[in-house]
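Peer 1: Contents of run_34.pdb (PDB, C-alpha atoms) are below:
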MODEL        1
ATOM      1  CA  MET O   1     -48.782  35.099   6.959
ATOM      2  CA  SER O   2     -49.854  32.296   9.268
ATOM      3  CA  LEU O   3     -48.540  28.821   8.535
ATOM      4  CA  ASP O   4     -52.076  27.541   9.175
ATOM      5  CA  ILE O   5     -53.793  28.020   5.812
ATOM      6  CA  ALA O   6     -57.290  27.845   7.324
ATOM      7  CA  GLN O   7     -56.429  30.604   9.789
ATOM      8  CA  TRP O   8     -54.636  32.654   7.135
ATOM      9  CA  SER O   9     -57.579  32.436   4.720
ATOM     10  CA  GLN O  10     -59.735  34.207   7.309
ATOM     11  CA  GLN O  11     -57.305  37.074   7.871
ATOM     12  CA  LEU O  12     -57.674  40.457   6.234
ATOM     13  CA  HIS O  13     -55.163  43.273   6.598
ATOM     14  CA  ILE O  14     -54.821  46.731   5.105
ATOM     15  CA  SER O  15     -51.792  45.411   3.184
ATOM     16  CA  ASN O  16     -54.161  43.206   1.145
ATOM     17  CA  PHE O  17     -55.930  46.301  -0.135
ATOM     18  CA  ALA O  18     -52.707  48.253  -0.670
ATOM     19  CA  ASN O  19     -51.259  45.375  -2.670
ATOM     20  CA  ALA O  20     -54.408  44.892  -4.769
ATOM     21  CA  TYR O  21     -54.507  48.621  -5.528
ATOM     22  CA  ALA O  22     -50.842  48.608  -6.596
ATOM     23  CA  GLU O  23     -51.483  45.656  -8.906
ATOM     24  CA  PHE O  24     -54.528  47.333 -10.480
ATOM     25  CA  ARG O  25     -52.632  50.603 -10.987
ATOM     26  CA  ASP O  26     -49.584  48.856 -12.471
ATOM     27  CA  VAL O  27     -51.676  46.734 -14.842
ATOM     28  CA  ALA O  28     -53.579  49.836 -15.967
ATOM     29  CA  SER O  29     -50.244  51.520 -16.756
ATOM     30  CA  LEU O  30     -49.495  48.793 -19.316
ATOM     31  CA  GLY O  31     -52.207  49.988 -21.686
ATOM     32  CA  ASN O  32     -54.626  47.744 -23.559
ATOM     33  CA  VAL O  33     -54.314  44.406 -21.772
ATOM     34  CA  SER O  34     -57.053  41.969 -20.795
ATOM     35  CA  ARG O  35     -55.692  38.457 -20.059
ATOM     36  CA  ILE O  36     -54.081  38.089 -16.630
ATOM     37  CA  LEU O  37     -52.427  35.087 -15.000
ATOM     38  CA  VAL O  38     -52.230  35.410 -11.209
ATOM     39  CA  ILE O  39     -49.681  33.063  -9.650
ATOM     40  CA  GLY O  40     -50.374  32.626  -5.963
ATOM     41  CA  PRO O  41     -53.869  34.165  -5.744
ATOM     42  CA  GLY O  42     -53.895  33.966  -1.955
ATOM     43  CA  GLN O  43     -57.159  35.230  -0.496
ATOM     44  CA  GLY O  44     -58.285  36.392  -3.923
ATOM     45  CA  LEU O  45     -58.858  40.088  -3.325
ATOM     46  CA  ASP O  46     -56.797  41.150  -6.345
ATOM     47  CA  CYS O  47     -58.557  38.585  -8.560
ATOM     48  CA  ALA O  48     -61.937  39.914  -7.449
ATOM     49  CA  VAL O  49     -60.889  43.478  -8.295
ATOM     50  CA  PHE O  50     -59.610  42.531 -11.744
ATOM     51  CA  ARG O  51     -62.701  40.504 -12.587
ATOM     52  CA  TRP O  52     -64.901  43.349 -11.390
ATOM     53  CA  ARG O  53     -63.028  45.633 -13.785
ATOM     54  CA  GLY O  54     -63.579  43.272 -16.723
ATOM     55  CA  TYR O  55     -60.222  41.486 -16.991
ATOM     56  CA  GLN O  56     -59.971  37.793 -17.855
ATOM     57  CA  VAL O  57     -58.265  36.215 -14.846
ATOM     58  CA  THR O  58     -56.648  32.781 -14.634
ATOM     59  CA  THR O  59     -55.138  31.567 -11.357
ATOM     60  CA  LEU O  60     -52.338  29.121 -10.577
ATOM     61  CA  ASP O  61     -51.076  27.872  -7.232
ATOM     62  CA  ILE O  62     -49.139  24.911  -5.922
ATOM     63  CA  ASP O  63     -51.750  24.344  -3.188
ATOM     64  CA  ASP O  64     -55.091  22.907  -4.335
ATOM     65  CA  ARG O  65     -56.766  24.072  -1.102
ATOM     66  CA  LEU O  66     -56.801  27.584  -2.600
ATOM     67  CA  ASN O  67     -58.916  26.289  -5.521
ATOM     68  CA  PRO O  68     -56.807  27.741  -8.352
ATOM     69  CA  ASP O  69     -57.708  27.174 -11.988
ATOM     70  CA  PHE O  70     -54.387  25.343 -12.462
ATOM     71  CA  ILE O  71     -52.115  23.502 -10.027
ATOM     72  CA  GLY O  72     -48.428  24.208 -10.537
ATOM     73  CA  SER O  73     -45.327  26.183  -9.627
ATOM     74  CA  ALA O  74     -43.968  29.432 -11.041
ATOM     75  CA  HIS O  75     -40.827  27.664 -12.269
ATOM     76  CA  ASP O  76     -42.790  25.295 -14.528
ATOM     77  CA  LEU O  77     -45.627  26.875 -16.516
ATOM     78  CA  SER O  78     -45.533  24.239 -19.246
ATOM     79  CA  MET O  79     -49.338  23.961 -19.212
ATOM     80  CA  PHE O  80     -49.426  27.380 -20.923
ATOM     81  CA  GLU O  81     -48.327  28.218 -24.454
ATOM     82  CA  ASP O  82     -45.977  31.098 -25.243
ATOM     83  CA  LYS O  83     -47.557  34.516 -24.690
ATOM     84  CA  SER O  84     -50.854  33.059 -23.500
ATOM     85  CA  PHE O  85     -51.379  36.142 -21.313
ATOM     86  CA  ASP O  86     -50.966  39.870 -21.524
ATOM     87  CA  VAL O  87     -49.779  40.097 -17.905
ATOM     88  CA  VAL O  88     -48.570  37.598 -15.330
ATOM     89  CA  ILE O  89     -48.662  38.638 -11.667
ATOM     90  CA  ALA O  90     -46.418  36.969  -9.098
ATOM     91  CA  SER O  91     -46.999  38.987  -5.946
ATOM     92  CA  HIS O  92     -44.937  37.719  -3.010
ATOM     93  CA  VAL O  93     -44.396  34.369  -4.701
ATOM     94  CA  LEU O  94     -40.813  34.017  -5.969
ATOM     95  CA  GLU O  95     -39.256  34.276  -2.503
ATOM     96  CA  HIS O  96     -40.951  30.947  -1.695
ATOM     97  CA  LEU O  97     -38.820  29.222  -4.346
ATOM     98  CA  PRO O  98     -35.329  27.919  -3.563
ATOM     99  CA  PRO O  99     -32.765  30.112  -5.368
ATOM    100  CA  ALA O 100     -31.910  27.243  -7.731
ATOM    101  CA  TYR O 101     -35.363  27.663  -9.319
ATOM    102  CA  LEU O 102     -35.406  31.468  -9.446
ATOM    103  CA  ASP O 103     -33.883  32.068 -12.877
ATOM    104  CA  ARG O 104     -36.029  29.357 -14.438
ATOM    105  CA  ALA O 105     -39.151  30.933 -12.905
ATOM    106  CA  ILE O 106     -38.211  34.351 -14.287
ATOM    107  CA  ALA O 107     -37.743  32.836 -17.752
ATOM    108  CA  GLU O 108     -41.135  31.148 -17.530
ATOM    109  CA  LEU O 109     -42.869  34.411 -16.576
ATOM    110  CA  ALA O 110     -41.351  36.073 -19.641
ATOM    111  CA  ARG O 111     -42.324  33.167 -21.878
ATOM    112  CA  VAL O 112     -46.027  33.018 -21.024
ATOM    113  CA  ALA O 113     -46.805  36.762 -20.915
ATOM    114  CA  HIS O 114     -45.965  40.065 -22.551
ATOM    115  CA  HIS O 115     -45.647  41.832 -19.183
ATOM    116  CA  ALA O 116     -45.118  40.859 -15.560
ATOM    117  CA  LEU O 117     -45.663  42.328 -12.128
ATOM    118  CA  VAL O 118     -43.282  40.807  -9.597
ATOM    119  CA  TYR O 119     -43.691  42.037  -6.036
ATOM    120  CA  LEU O 120     -41.180  40.912  -3.405
ATOM    121  CA  PRO O 121     -40.845  41.251   0.380
ATOM    122  CA  VAL O 122     -38.233  43.527   1.903
ATOM    123  CA  GLY O 123     -36.187  41.802   4.600
ATOM    124  CA  GLY O 124     -35.360  43.189   8.013
ATOM    125  CA  ARG O 125     -36.881  46.359   9.429
ATOM    126  CA  ILE O 126     -37.766  49.627   7.758
ATOM    127  CA  MET O 127     -37.961  53.021   9.439
ATOM    128  CA  ARG O 128     -40.089  55.460   7.469
ATOM    129  CA  PHE O 129     -40.996  59.129   7.533
ATOM    130  CA  ARG O 130     -43.849  60.105   5.200
ATOM    131  CA  VAL O 131     -45.171  63.572   4.376
ATOM    132  CA  MET O 132     -48.486  64.138   2.593
ATOM    133  CA  PRO O 133     -49.217  67.883   2.621
ATOM    134  CA  GLY O 134     -52.511  67.524   0.762
ATOM    135  CA  LEU O 135     -51.401  69.702  -2.158
ATOM    136  CA  LEU O 136     -51.079  68.692  -5.819
ATOM    137  CA  GLY O 137     -50.942  65.032  -4.911
ATOM    138  CA  TRP O 138     -47.550  65.448  -3.223
ATOM    139  CA  ASP O 139     -46.463  62.409  -1.248
ATOM    140  CA  TRP O 140     -42.881  62.081   0.008
ATOM    141  CA  THR O 141     -41.435  59.052   1.771
ATOM    142  CA  ILE O 142     -37.991  58.755   3.333
ATOM    143  CA  ALA O 143     -37.168  55.193   4.344
ATOM    144  CA  MET O 144     -34.201  53.553   6.031
ATOM    145  CA  HIS O 145     -33.729  49.833   5.588
ATOM    146  CA  LEU O 146     -32.063  47.893   8.413
ATOM    147  CA  CYS O 147     -31.033  44.322   7.607
ATOM    148  CA  ASN O 148     -28.566  42.062   9.431
ATOM    149  CA  PRO O 149     -25.761  41.404   6.890
ATOM    150  CA  PHE O 150     -24.654  38.310   8.788
ATOM    151  CA  TYR O 151     -28.053  36.601   8.534
ATOM    152  CA  ARG O 152     -27.555  35.193   5.068
ATOM    153  CA  PRO O 153     -29.986  33.200   2.921
ATOM    154  CA  ASP O 154     -29.473  29.444   2.903
ATOM    155  CA  PRO O 155     -30.062  28.002  -0.608
ATOM    156  CA  GLY O 156     -31.487  24.818   0.835
ATOM    157  CA  LYS O 157     -33.593  26.122   3.705
ATOM    158  CA  PRO O 158     -36.307  28.787   4.049
ATOM    159  CA  ARG O 159     -35.018  30.913   6.929
ATOM    160  CA  PHE O 160     -37.277  33.965   6.877
ATOM    161  CA  CYS O 161     -40.948  34.756   7.531
ATOM    162  CA  GLU O 162     -41.610  31.793   9.841
ATOM    163  CA  GLY O 163     -39.777  29.460   7.480
ATOM    164  CA  GLU O 164     -41.750  30.561   4.406
ATOM    165  CA  HIS O 165     -39.090  32.565   2.504
ATOM    166  CA  TYR O 166     -35.748  31.436   1.116
ATOM    167  CA  TRP O 167     -34.638  35.020   0.430
ATOM    168  CA  GLU O 168     -35.900  38.611   0.532
ATOM    169  CA  ILE O 169     -34.954  41.965  -0.945
ATOM    170  CA  GLY O 170     -32.055  43.439   1.014
ATOM    171  CA  ARG O 171     -30.655  40.144   2.251
ATOM    172  CA  PRO O 172     -27.002  39.478   1.291
ATOM    173  CA  GLY O 173     -26.881  38.658  -2.405
ATOM    174  CA  TYR O 174     -30.412  39.961  -3.014
ATOM    175  CA  SER O 175     -30.096  43.725  -3.176
ATOM    176  CA  ARG O 176     -32.533  45.570  -5.414
ATOM    177  CA  ARG O 177     -29.758  45.971  -7.988
ATOM    178  CA  LYS O 178     -28.830  42.280  -7.988
ATOM    179  CA  VAL O 179     -32.418  41.112  -8.222
ATOM    180  CA  ALA O 180     -33.036  43.568 -11.078
ATOM    181  CA  ALA O 181     -30.005  42.122 -12.869
ATOM    182  CA  ARG O 182     -31.589  38.663 -12.727
ATOM    183  CA  PHE O 183     -34.680  39.991 -14.508
ATOM    184  CA  GLU O 184     -32.811  41.826 -17.245
ATOM    185  CA  PRO O 185     -31.932  38.856 -19.529
ATOM    186  CA  HIS O 186     -35.662  38.226 -19.983
ATOM    187  CA  PHE O 187     -37.360  41.531 -19.192
ATOM    188  CA  ARG O 188     -37.086  45.246 -19.695
ATOM    189  CA  ILE O 189     -37.668  46.930 -16.350
ATOM    190  CA  ARG O 190     -40.385  49.556 -16.780
ATOM    191  CA  SER O 191     -40.289  50.625 -13.133
ATOM    192  CA  MET O 192     -39.276  49.396  -9.714
ATOM    193  CA  TYR O 193     -40.414  51.014  -6.495
ATOM    194  CA  TRP O 194     -41.138  50.658  -2.821
ATOM    195  CA  ASN O 195     -44.904  50.537  -2.325
ATOM    196  CA  PRO O 196     -45.509  53.652  -0.176
ATOM    197  CA  ASP O 197     -48.742  52.157   1.157
ATOM    198  CA  TRP O 198     -47.117  48.844   2.098
ATOM    199  CA  ILE O 199     -43.481  49.622   2.689
ATOM    200  CA  MET O 200     -42.579  45.949   3.165
ATOM    201  CA  SER O 201     -43.175  45.325  -0.556
ATOM    202  CA  PHE O 202     -40.726  46.194  -3.348
ATOM    203  CA  ASN O 203     -42.373  46.057  -6.752
ATOM    204  CA  PHE O 204     -41.116  45.444 -10.292
ATOM    205  CA  VAL O 205     -43.127  46.270 -13.428
ATOM    206  CA  LEU O 206     -41.617  44.371 -16.357
ATOM    207  CA  SER O 207     -42.035  43.897 -20.107
ATOM    208  CA  ALA O 208     -40.770  40.723 -21.778
ATOM    209  CA  ARG O 209     -37.936  41.102 -24.264
TER     210      ARG O 209
ENDMDL
END
Output the file's structure in the form of structure tokens.

Peer 2:
Amino acid sequence: MSLDIAQWSQQLHISNFANAYAEFRDVASLGNVSRILVIGPGQGLDCAVFRWRGYQVTTLDIDDRLNPDFIGSAHDLSMFEDKSFDVVIASHVLEHLPPAYLDRAIAELARVAHHALVYLPVGGRIMRFRVMPGLLGWDWTIAMHLCNPFYRPDPGKPRFCEGEHYWEIGRPGYSRRKVAARFEPHFRIRSMYWNPDWIMSFNFVLSAR
């Protein structure tokens, strides 16, 4: 993502479509839901898809230049009442928060919605081998994650993704298991998976306790 928001708003990459498709598929797996809060709507492709499919979409972002319905941060959703939404989506959002705010943000997601999709970036480099034989929907991916263990997150400084991220999946202290453990006091983990169509994204599908 470019640090220049005007430039970034004009960009379109296949990952935008892969991410929007994953969100739509994961929301559909939750059953009869209709009210969605999207935190960090970005370029709005996922919002357009959900609205096209008949969902009620509300957006929130800390940056008013993105024209969200509400201005705010994921760690303080006090403008919303408990369980105001069926699903809250925070796709590539929480890594922008300093770690001191992470647990509070997770608690807020669980408070305002019955379910949550939390998608997070995978740090470092990933080598992947994918086989799609074209039979019975088979699709196999073997991935190897390479991450420098000495390049540790700094709680007070965003060190990754051009100074945009404080932490990422796979960085020291933020393994998939440890991040999942931070969700568990507030959520039941329905599934967690590497997005095979955008391997740099690790996705959690959650239900509030």

Peer 1: Check the smallest atom-to-atom distance from each of O:Ala107, O:Leu135, O:Val122, O:Ile62 to Pro185 in chain O using all atoms listed in the file, then report the winner.

Peer 2: O:Ala107

Peer 1: Would you please work out which residue, of O:Ile169, O:Ala20, O:Leu206, O:Met127, is nearest to Leu94 in chain O when using all atoms listed in the file?

Peer 2: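 That would be O:Ile169, the residue with the smallest distance to Leu94 in chain O.
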
Peer 1: With the PyMOL selection byres ((chain O and resi 43) around 9) as the selection, what would be picked from this file? Answer as a list in words, please.

Peer 2: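 Matching residues under the PyMOL selection byres ((chain O and resi 43) around 9) are Trp8, Ser9, Gln10, Gln11, Leu12, Asn16, Pro41, Gly42, Gly44, Leu45, Asp46, Cys47 and Leu66 of chain O.
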
Peer 1: Which neighbours of range 77-85 of chain O fall inside 7 Å, counting all atoms listed in the file, when residues of the same chain fewer than 6 positions from it are skipped, and could you give them as a VMD selection string?

Peer 2: chain O and resid 35 to 37 108 111 to 114

Peer 1: CA of Lys178 in chain O to CA of Thr59 in chain O: how many Å, to one decimal?

Peer 2: 28.6 Å

Peer 1: With distances taken over all atoms listed in the file, which of O:Ile89, O:Ile71, O:Ile106, O:Cys147 is nearest to Val57 in chain O?

Peer 2: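 Checking each of O:Ile89, O:Ile71, O:Ile106, O:Cys147 against Val57 in chain O, counting all atoms listed in the file, the winner is O:Ile89.
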
Peer 1: Taking only C-alpha atoms into account, which of O:Met144, O:Met200, O:Val33, O:Ala74 comes nearest Phe50 in chain O?

Peer 2: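 Ranked by minimum distance to Phe50 in chain O, first place goes to O:Val33.
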
Peer 1: Applying 9 Å and only C-alpha atoms, which residues near range 116-121 of chain O remain after dropping the ones on its own chain fewer than 2 positions away? List them as a PyMOL selection string.

Peer 2: chain O and resi 19+23+26-27+86-95+109-110+113-114+123+167-169+187+200-208

Peer 1: Could you tell me which of O:Trp140, O:Tyr55, O:Phe183, O:Phe129 comes closest to Leu102 in chain O if we count only C-alpha atoms?

Peer 2: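 Result for the nearest residue to Leu102 in chain O: O:Phe183.
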
Peer 1: Could you jot down the CA of Ser191 in chain O to CA of Arg25 in chain O separation for me, Å, one decimal place?

Peer 2: 12.5 Å

Peer 1: Just checking: using all atoms listed in the file, which residue out of O:Leu60, O:Tyr174, O:Met132, O:Ile142 ends up closest to Trp194 in chain O?

Peer 2: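 Once distances to Trp194 in chain O are computed over all atoms listed in the file, the minimum belongs to O:Ile142.
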
Peer 1: What gap, in Å, lies between CA of Asp139 in chain O and CA of Ile14 in chain O?

Peer 2: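 Distance reported for this atom pair: 18.9 Å.
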
Peer 1: Within 8 Å of Lys157 in chain O, counting only C-alpha atoms, which residues show up once you throw out same-chain ones fewer than 6 positions away? Write them as an MDAnalysis selection string, please.

Peer 2: chainID O and resid 98 163 166

Peer 1: Any chance you could work out the axis-aligned box around range 163-181 of chain O, listed atoms only, 5 Å on each side, giving centre and edge lengths in Å to one decimal, as lines of an AutoDock Vina configuration file?

Peer 2:
center_x = -34.3
center_y = 37.7
center_z = -2.7
size_x = 24.9
size_y = 26.5
size_z = 30.3

Peer 1: For Ile126 in chain O, work out the shell of residues within 7 Å, counting only C-alpha atoms and skipping chain neighbours fewer than 5 positions away, then give it as a PyMOL selection string.

Peer 2: chain O and resi 143-146

Peer 1: Could range 161-172 of chain O be completed with all heavy atoms and written as a PDB file, in the frame of the given file, please?

Peer 2:
ATOM      1  N   CYS O 161     -39.477  34.734   7.510  1.00  0.00           N
ATOM      2  CA  CYS O 161     -40.948  34.756   7.531  1.00  0.00           C
ATOM      3  C   CYS O 161     -41.504  33.413   8.008  1.00  0.00           C
ATOM      4  O   CYS O 161     -42.251  32.736   7.304  1.00  0.00           O
ATOM      5  CB  CYS O 161     -41.512  35.127   6.166  1.00  0.00           C
ATOM      6  SG  CYS O 161     -43.278  35.496   6.151  1.00  0.00           S
ATOM      7  N   GLU O 162     -41.131  33.034   9.223  1.00  0.00           N
ATOM      8  CA  GLU O 162     -41.610  31.793   9.841  1.00  0.00           C
ATOM      9  C   GLU O 162     -41.310  30.559   8.983  1.00  0.00           C
ATOM     10  O   GLU O 162     -42.092  29.611   8.920  1.00  0.00           O
ATOM     11  CB  GLU O 162     -43.118  31.863  10.130  1.00  0.00           C
ATOM     12  CG  GLU O 162     -43.515  32.956  11.097  1.00  0.00           C
ATOM     13  CD  GLU O 162     -45.000  32.896  11.403  1.00  0.00           C
ATOM     14  OE1 GLU O 162     -45.409  32.021  12.199  1.00  0.00           O
ATOM     15  OE2 GLU O 162     -45.743  33.712  10.855  1.00  0.00           O
ATOM     16  N   GLY O 163     -40.157  30.590   8.297  1.00  0.00           N
ATOM     17  CA  GLY O 163     -39.777  29.460   7.480  1.00  0.00           C
ATOM     18  C   GLY O 163     -40.508  29.379   6.155  1.00  0.00           C
ATOM     19  O   GLY O 163     -40.565  28.307   5.544  1.00  0.00           O
ATOM     20  N   GLU O 164     -41.030  30.520   5.675  1.00  0.00           N
ATOM     21  CA  GLU O 164     -41.750  30.561   4.406  1.00  0.00           C
ATOM     22  C   GLU O 164     -40.873  31.070   3.259  1.00  0.00           C
ATOM     23  O   GLU O 164     -41.119  30.720   2.109  1.00  0.00           O
ATOM     24  CB  GLU O 164     -42.982  31.463   4.535  1.00  0.00           C
ATOM     25  CG  GLU O 164     -44.100  30.864   5.352  1.00  0.00           C
ATOM     26  CD  GLU O 164     -44.832  29.771   4.591  1.00  0.00           C
ATOM     27  OE1 GLU O 164     -45.413  30.065   3.541  1.00  0.00           O
ATOM     28  OE2 GLU O 164     -44.789  28.620   5.050  1.00  0.00           O
ATOM     29  N   HIS O 165     -39.880  31.912   3.554  1.00  0.00           N
ATOM     30  CA  HIS O 165     -39.090  32.565   2.504  1.00  0.00           C
ATOM     31  C   HIS O 165     -37.655  32.040   2.480  1.00  0.00           C
ATOM     32  O   HIS O 165     -37.006  31.936   3.526  1.00  0.00           O
ATOM     33  CB  HIS O 165     -39.029  34.083   2.736  1.00  0.00           C
ATOM     34  CG  HIS O 165     -40.355  34.759   2.670  1.00  0.00           C
ATOM     35  ND1 HIS O 165     -40.529  36.085   3.008  1.00  0.00           N
ATOM     36  CD2 HIS O 165     -41.582  34.303   2.296  1.00  0.00           C
ATOM     37  CE1 HIS O 165     -41.801  36.406   2.843  1.00  0.00           C
ATOM     38  NE2 HIS O 165     -42.455  35.356   2.420  1.00  0.00           N
ATOM     39  N   TYR O 166     -37.160  31.787   1.282  1.00  0.00           N
ATOM     40  CA  TYR O 166     -35.748  31.436   1.116  1.00  0.00           C
ATOM     41  C   TYR O 166     -34.869  32.686   1.053  1.00  0.00           C
ATOM     42  O   TYR O 166     -33.689  32.627   1.415  1.00  0.00           O
ATOM     43  CB  TYR O 166     -35.554  30.634  -0.172  1.00  0.00           C
ATOM     44  CG  TYR O 166     -36.000  29.203  -0.058  1.00  0.00           C
ATOM     45  CD1 TYR O 166     -37.320  28.851  -0.319  1.00  0.00           C
ATOM     46  CD2 TYR O 166     -35.114  28.197   0.317  1.00  0.00           C
ATOM     47  CE1 TYR O 166     -37.740  27.531  -0.227  1.00  0.00           C
ATOM     48  CE2 TYR O 166     -35.521  26.876   0.409  1.00  0.00           C
ATOM     49  CZ  TYR O 166     -36.839  26.548   0.139  1.00  0.00           C
ATOM     50  OH  TYR O 166     -37.242  25.247   0.239  1.00  0.00           O
ATOM     51  N   TRP O 167     -35.415  33.790   0.588  1.00  0.00           N
ATOM     52  CA  TRP O 167     -34.638  35.020   0.430  1.00  0.00           C
ATOM     53  C   TRP O 167     -35.618  36.192   0.397  1.00  0.00           C
ATOM     54  O   TRP O 167     -36.835  36.000   0.248  1.00  0.00           O
ATOM     55  CB  TRP O 167     -33.809  34.975  -0.859  1.00  0.00           C
ATOM     56  CG  TRP O 167     -34.640  34.747  -2.092  1.00  0.00           C
ATOM     57  CD1 TRP O 167     -35.039  33.536  -2.596  1.00  0.00           C
ATOM     58  CD2 TRP O 167     -35.196  35.740  -2.950  1.00  0.00           C
ATOM     59  NE1 TRP O 167     -35.812  33.713  -3.723  1.00  0.00           N
ATOM     60  CE2 TRP O 167     -35.924  35.055  -3.964  1.00  0.00           C
ATOM     61  CE3 TRP O 167     -35.149  37.131  -2.983  1.00  0.00           C
ATOM     62  CZ2 TRP O 167     -36.606  35.727  -4.986  1.00  0.00           C
ATOM     63  CZ3 TRP O 167     -35.810  37.801  -4.005  1.00  0.00           C
ATOM     64  CH2 TRP O 167     -36.536  37.101  -4.989  1.00  0.00           C
ATOM     65  N   GLU O 168     -35.087  37.390   0.561  1.00  0.00           N
ATOM     66  CA  GLU O 168     -35.900  38.611   0.532  1.00  0.00           C
ATOM     67  C   GLU O 168     -35.042  39.754   0.014  1.00  0.00           C
ATOM     68  O   GLU O 168     -33.812  39.700   0.094  1.00  0.00           O
ATOM     69  CB  GLU O 168     -36.418  38.948   1.943  1.00  0.00           C
ATOM     70  CG  GLU O 168     -37.349  37.897   2.517  1.00  0.00           C
ATOM     71  CD  GLU O 168     -37.593  38.061   4.011  1.00  0.00           C
ATOM     72  OE1 GLU O 168     -36.693  38.591   4.706  1.00  0.00           O
ATOM     73  OE2 GLU O 168     -38.661  37.649   4.479  1.00  0.00           O
ATOM     74  N   ILE O 169     -35.680  40.778  -0.494  1.00  0.00           N
ATOM     75  CA  ILE O 169     -34.954  41.965  -0.945  1.00  0.00           C
ATOM     76  C   ILE O 169     -34.170  42.556   0.224  1.00  0.00           C
ATOM     77  O   ILE O 169     -34.705  42.732   1.327  1.00  0.00           O
ATOM     78  CB  ILE O 169     -35.927  43.025  -1.507  1.00  0.00           C
ATOM     79  CG1 ILE O 169     -36.570  42.532  -2.808  1.00  0.00           C
ATOM     80  CG2 ILE O 169     -35.225  44.353  -1.738  1.00  0.00           C
ATOM     81  CD1 ILE O 169     -35.648  42.534  -3.999  1.00  0.00           C
ATOM     82  N   GLY O 170     -32.903  42.855  -0.014  1.00  0.00           N
ATOM     83  CA  GLY O 170     -32.055  43.439   1.014  1.00  0.00           C
ATOM     84  C   GLY O 170     -31.188  42.437   1.747  1.00  0.00           C
ATOM     85  O   GLY O 170     -30.222  42.827   2.404  1.00  0.00           O
ATOM     86  N   ARG O 171     -31.525  41.152   1.652  1.00  0.00           N
ATOM     87  CA  ARG O 171     -30.655  40.144   2.251  1.00  0.00           C
ATOM     88  C   ARG O 171     -29.365  40.040   1.431  1.00  0.00           C
ATOM     89  O   ARG O 171     -29.352  40.380   0.244  1.00  0.00           O
ATOM     90  CB  ARG O 171     -31.353  38.783   2.267  1.00  0.00           C
ATOM     91  CG  ARG O 171     -32.662  38.746   3.046  1.00  0.00           C
ATOM     92  CD  ARG O 171     -32.464  38.899   4.526  1.00  0.00           C
ATOM     93  NE  ARG O 171     -33.740  38.827   5.237  1.00  0.00           N
ATOM     94  CZ  ARG O 171     -33.881  39.054   6.541  1.00  0.00           C
ATOM     95  NH1 ARG O 171     -32.832  39.368   7.280  1.00  0.00           N
ATOM     96  NH2 ARG O 171     -35.057  38.968   7.108  1.00  0.00           N
ATOM     97  N   PRO O 172     -28.259  39.594   2.042  1.00  0.00           N
ATOM     98  CA  PRO O 172     -27.002  39.478   1.291  1.00  0.00           C
ATOM     99  C   PRO O 172     -27.178  38.679   0.008  1.00  0.00           C
ATOM    100  O   PRO O 172     -27.713  37.570   0.017  1.00  0.00           O
ATOM    101  CB  PRO O 172     -26.083  38.767   2.291  1.00  0.00           C
ATOM    102  CG  PRO O 172     -26.594  39.192   3.637  1.00  0.00           C
ATOM    103  CD  PRO O 172     -28.093  39.257   3.475  1.00  0.00           C
TER     104      PRO O 172
END
